[in-house]
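Trainee: Structure file entry-v3.cif (mmCIF, C-alpha atoms) right here:
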data_entry
loop_
_atom_site.label_atom_id
_atom_site.label_comp_id
_atom_site.auth_asym_id
_atom_site.auth_seq_id
_atom_site.Cartn_x
_atom_site.Cartn_y
_atom_site.Cartn_z
CA ASP A 1 0.00 0.00 0.00
CA CYS A 2 2.94 2.34 0.50
CA ALA A 3 3.80 2.13 -3.20
CA SER A 4 1.02 4.50 -4.24
CA CYS A 5 2.26 7.24 -1.86
CA LYS A 6 5.87 6.66 -2.95
CA THR A 7 4.88 6.93 -6.62
CA LEU A 8 3.08 10.24 -6.01
CA GLU A 9 5.93 11.65 -3.94
CA ASP A 10 8.56 10.59 -6.50
CA ALA A 11 6.54 12.48 -9.13
CA GLY A 12 6.64 15.63 -6.99
CA GLN A 13 3.00 15.36 -5.86
CA GLN A 14 1.63 15.22 -2.33
CA SER A 15 0.49 11.85 -1.08
CA LEU A 16 -2.16 11.10 1.51
CA ARG A 17 0.69 10.31 3.90
CA GLN A 18 1.97 13.89 3.56
CA THR A 19 -1.39 15.65 3.71
CA GLY A 20 -2.77 13.59 6.61
CA PRO A 21 -1.30 15.88 9.28
CA ASP A 22 -3.30 18.74 7.75
CA TRP A 23 -6.57 17.14 8.85
CA ILE A 24 -5.61 14.88 11.76
CA SER A 25 -4.90 16.51 15.09
CA ASP A 26 -1.72 15.53 16.93
CA THR A 27 -3.83 15.05 20.05
CA GLU A 28 -6.32 12.68 18.40
CA ASN A 29 -6.45 9.46 20.42
CA SER A 30 -9.87 8.06 19.53
CA GLN A 31 -10.31 4.65 17.93
CA ASP A 32 -13.01 6.11 15.67
CA PRO A 33 -11.99 6.52 12.03
CA ILE A 34 -10.70 9.90 10.90
CA ALA A 35 -10.42 8.99 7.20
CA ILE A 36 -12.41 6.64 5.00
CA ASP A 37 -11.47 5.44 1.52
CA ILE A 38 -14.59 4.07 -0.09
CA ALA A 39 -15.29 2.21 -3.34
CA LEU A 40 -18.83 0.91 -3.29
CA ASP A 41 -19.39 0.25 -6.97
CA THR A 42 -17.52 -0.18 -10.24
CA GLU A 43 -19.97 1.69 -12.46
CA CYS A 44 -18.00 3.60 -15.07
CA ASN A 45 -18.59 5.34 -18.38
CA ALA A 46 -15.18 4.50 -19.87
CA LEU A 47 -13.09 1.56 -21.03
CA CYS A 48 -9.63 2.79 -20.12
CA ALA A 49 -6.66 0.79 -21.35
CA THR A 50 -5.11 0.99 -17.89
CA CYS A 51 -8.14 -0.47 -16.15
CA GLY A 52 -10.12 -3.69 -16.05
CA GLN A 53 -13.37 -5.22 -14.89
CA TRP A 54 -12.28 -4.92 -11.23
CA SER A 55 -12.89 -1.14 -11.50
CA SER A 56 -15.09 -0.66 -14.56
CA SER A 57 -18.56 -2.00 -15.25
CA LEU A 58 -18.02 -1.31 -18.96
CA TRP A 59 -14.90 -3.50 -18.96
CA ALA A 60 -16.93 -6.28 -17.32
CA LYS A 61 -19.58 -6.00 -20.05
CA GLU A 62 -16.92 -5.86 -22.78
CA ASN A 63 -15.22 -8.99 -21.41
CA LEU A 64 -18.55 -10.81 -21.42
CA LYS A 65 -19.11 -9.82 -25.06
CA LEU A 66 -15.60 -10.93 -26.03
CA SER A 67 -16.14 -14.30 -24.39
CA ASN A 68 -19.50 -14.63 -26.18
CA THR A 69 -21.30 -14.83 -22.84
CA LYS A 70 -24.81 -13.54 -22.43
CA ILE A 71 -24.68 -10.23 -20.59
CA LYS A 72 -26.58 -10.28 -17.32
CA ILE A 73 -27.78 -7.01 -15.89
CA ASP A 74 -27.00 -7.16 -12.18
CA GLU A 75 -29.01 -4.79 -10.03
CA ASN A 76 -26.35 -3.46 -7.69
CA SER A 77 -28.53 -0.87 -5.96
CA ASP A 78 -29.65 -3.13 -3.08
CA LYS A 79 -26.08 -4.38 -2.52
CA ILE A 80 -24.81 -0.81 -2.34
CA ILE A 81 -27.52 0.30 0.09
CA ASN A 82 -26.81 -2.77 2.24
CA ALA A 83 -23.07 -2.03 2.19
CA ILE A 84 -23.65 1.59 3.19
CA ASP A 85 -26.05 0.51 5.95
CA GLN A 86 -23.49 -1.98 7.23
CA ILE A 87 -20.79 0.69 7.35
CA VAL A 88 -23.06 3.20 9.08
CA ASP A 89 -24.30 0.59 11.58
CA THR A 90 -20.81 -0.60 12.55
CA VAL A 91 -18.51 2.42 12.22
CA SER A 92 -18.85 5.75 13.98
CA LEU A 93 -18.64 8.60 11.48
CA HIS A 94 -18.62 11.36 14.10
CA LYS A 95 -14.86 12.05 13.89
CA VAL A 96 -14.45 11.60 10.14
CA LYS A 97 -12.48 14.43 8.57
CA TYR A 98 -11.64 12.94 5.16
CA VAL A 99 -13.62 10.76 2.73
CA LYS A 100 -12.05 9.55 -0.51
CA PHE A 101 -14.21 8.06 -3.25
CA PHE A 102 -12.92 5.60 -5.82
CA GLY A 103 -14.81 3.82 -8.54
CA GLY A 104 -15.53 3.02 -11.29
CA GLU A 105 -16.27 6.63 -11.90
CA PRO A 106 -17.67 8.02 -8.63
CA LEU A 107 -19.62 10.80 -10.37
CA PHE A 108 -21.32 8.36 -12.78
CA THR A 109 -23.78 7.24 -10.08
CA ASP A 110 -25.28 8.75 -6.94
CA THR A 111 -23.62 6.16 -4.68
CA HIS A 112 -21.41 8.81 -3.12
CA LEU A 113 -24.49 10.87 -2.21
CA LYS A 114 -26.10 7.84 -0.56
CA PHE A 115 -23.07 7.58 1.69
CA LEU A 116 -22.56 11.31 2.31
CA LYS A 117 -26.02 11.79 3.79
CA HIS A 118 -24.81 9.76 6.79
CA ILE A 119 -21.90 12.09 7.62
CA PRO A 120 -22.96 13.86 10.86
CA PHE A 121 -20.63 16.88 10.61
CA PRO A 122 -20.05 17.59 6.91
CA GLU A 123 -18.66 21.04 7.61
CA HIS A 124 -15.55 19.35 9.10
CA VAL A 125 -15.05 16.88 6.23
CA THR A 126 -12.84 17.11 3.16
CA LEU A 127 -14.11 15.06 0.21
CA TYR A 128 -11.71 13.68 -2.34
CA TYR A 129 -12.71 12.11 -5.66
CA THR A 130 -10.62 10.13 -8.10
CA THR A 131 -12.34 10.78 -11.43
CA ASN A 132 -11.79 10.44 -15.16
CA GLY A 133 -12.98 14.04 -15.48
CA SER A 134 -15.72 13.26 -17.99
CA ILE A 135 -18.76 13.99 -15.82
CA TYR A 136 -19.66 17.41 -14.51
CA PRO A 137 -21.55 17.25 -11.20
CA ASN A 138 -25.25 18.04 -11.43
CA GLU A 139 -27.07 20.60 -9.26
CA LYS A 140 -28.02 18.01 -6.63
CA VAL A 141 -24.37 17.02 -6.17
CA LEU A 142 -23.24 20.65 -6.02
CA GLU A 143 -25.84 21.38 -3.32
CA VAL A 144 -24.64 18.45 -1.20
CA TRP A 145 -21.01 19.48 -1.63
CA LYS A 146 -21.75 22.97 -0.30
CA LYS A 147 -22.23 21.39 3.13
CA PHE A 148 -18.67 20.04 3.19
CA LYS A 149 -15.44 21.78 4.16
CA VAL A 150 -13.56 21.16 0.90
CA VAL A 151 -14.09 19.06 -2.23
CA MET A 152 -10.90 17.95 -4.02
CA PHE A 153 -10.37 16.04 -7.26
CA SER A 154 -7.69 13.85 -8.71
CA ALA A 155 -8.32 13.61 -12.44
CA SER A 156 -6.90 10.88 -14.63
CA ILE A 157 -5.84 12.64 -17.82
CA ASP A 158 -3.94 10.41 -20.20
CA GLY A 159 -3.61 12.57 -23.28
CA ILE A 160 -5.55 14.62 -25.80
CA ALA A 161 -7.19 13.98 -29.17
CA GLU A 162 -6.25 10.60 -30.69
CA GLN A 163 -4.14 9.52 -27.70
CA PHE A 164 -7.02 10.21 -25.30
CA ASP A 165 -9.48 8.37 -27.56
CA TYR A 166 -7.15 5.37 -27.68
CA VAL A 167 -6.47 5.17 -23.94
CA ARG A 168 -10.02 6.03 -22.79
CA TRP A 169 -12.66 4.78 -25.17
#
Would it be possible to restate this file's structure as structure tokens?

Mentor:
Amino acid sequence: DCASCKTLEDAGQQSLRQTGPDWISDTENSQDPIAIDIALDTECNALCATCGQWSSSLWAKENLKLSNTKIKIDENSDKIINAIDQIVDTVSLHKVKYVKFFGGEPLFTDTHLKFLKHIPFPEHVTLYYTTNGSIYPNEKVLEVWKKFKVVMFSASIDGIAEQFDYVRW
């Protein structure tokens, strides 16, 4: 797990390891979580060459087509709600200061909003999204985000024009 921070730091970027002290108090001694990294679904609107079905619903569908397997539409909504309920029922969110969303593409669905409504003190929480940058948040998302301290993005940008179309189709 340290490799991702090392890669960012070697590239001259700040890693979560380096920014953590900005939002975690030196006097914090609670066992309640301060930060949550969450990936509740793999729904995505892209088939990136660097990805696979583990993080992209479109890759999963493409792999099924390539293997000549009948595509089954799996209704993930109940699983996601159950996962969120399980988290909320077992983990205190009262001291959370940082929530990071992964995907799929976290802005492709409203899964992140289903989780965020359970954050008791949004004004103290920094949100962080890893996104492919292809989806602009709608008004509902923007209204929810206004309640939070900061919203940050990490965008995956792999090129422009033909190179972009090749890598992210």

Trainee: Near stretch 77-83 of chain A, within 9 Å and counting only C-alpha atoms, which residues show up once chain neighbours fewer than 6 positions away are dropped, as a ChimeraX atom specification?

Mentor: /A:40-41,111,114-115

Trainee: Output C-alpha atoms of each residue in that selection to a file, as an mmCIF file, in the coordinates of the input.

Mentor:
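The result, stored in again_1.cif:
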data_model
loop_
_atom_site.group_PDB
_atom_site.id
_atom_site.type_symbol
_atom_site.label_atom_id
_atom_site.label_comp_id
_atom_site.auth_asym_id
_atom_site.auth_seq_id
_atom_site.Cartn_x
_atom_site.Cartn_y
_atom_site.Cartn_z
ATOM 1 C CA LEU A 40 -18.830 0.910 -3.290
ATOM 2 C CA ASP A 41 -19.390 0.250 -6.970
ATOM 3 C CA THR A 111 -23.620 6.160 -4.680
ATOM 4 C CA LYS A 114 -26.100 7.840 -0.560
ATOM 5 C CA PHE A 115 -23.070 7.580 1.690
#

Trainee: Could you tell me how far atom CA of A:Gln86 lies from atom CA of A:Phe101, in Å and to one decimal?

Mentor: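 Computing it gives 17.2 Å between the two atoms.
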
Trainee: Please write as a VMD selection string the full residue list that the PyMOL selection byres ((chain A and resi 136-144) around 10) yields on this file.

Mentor: chain A and resid 107 to 108 110 112 to 113 116 to 117 122 133 to 135 145 to 148

Trainee: Return as a PyMOL selection string the set of residues that the PyMOL selection byres ((chain A and resi 129) around 9) yields on the displayed structure.

Mentor: chain A and resi 99-102+106-107+127-128+130-131+151-155

Trainee: So how many Å separate atom CA of A:Ser156 and atom CA of A:Asn132, to one decimal?

Mentor: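 Computing the Euclidean distance for atom CA of A:Ser156 and atom CA of A:Asn132 yields 4.9 Å.
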
Trainee: Would you compute the distance between atom CA of A:Asp89 and atom CA of A:Glu123? Give it in Å to one decimal.

Mentor: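 Those two atoms sit 21.6 Å apart.
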
Trainee: Quick one: residues within 7 Å of A:Ile34, all atoms listed in the file counted, chain neighbours fewer than 2 positions away excluded, as JSON, numbers by chain?

Mentor: {"A": [32, 36, 95, 96, 97, 98]}

Trainee: Which residue is closest to A:Phe164? Choose from A:Gln14, A:Thr109, A:Thr50, A:Ser4 and count all atoms listed in the file.

Mentor: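 Among the listed residues, the smallest separation from A:Phe164 belongs to A:Thr50.
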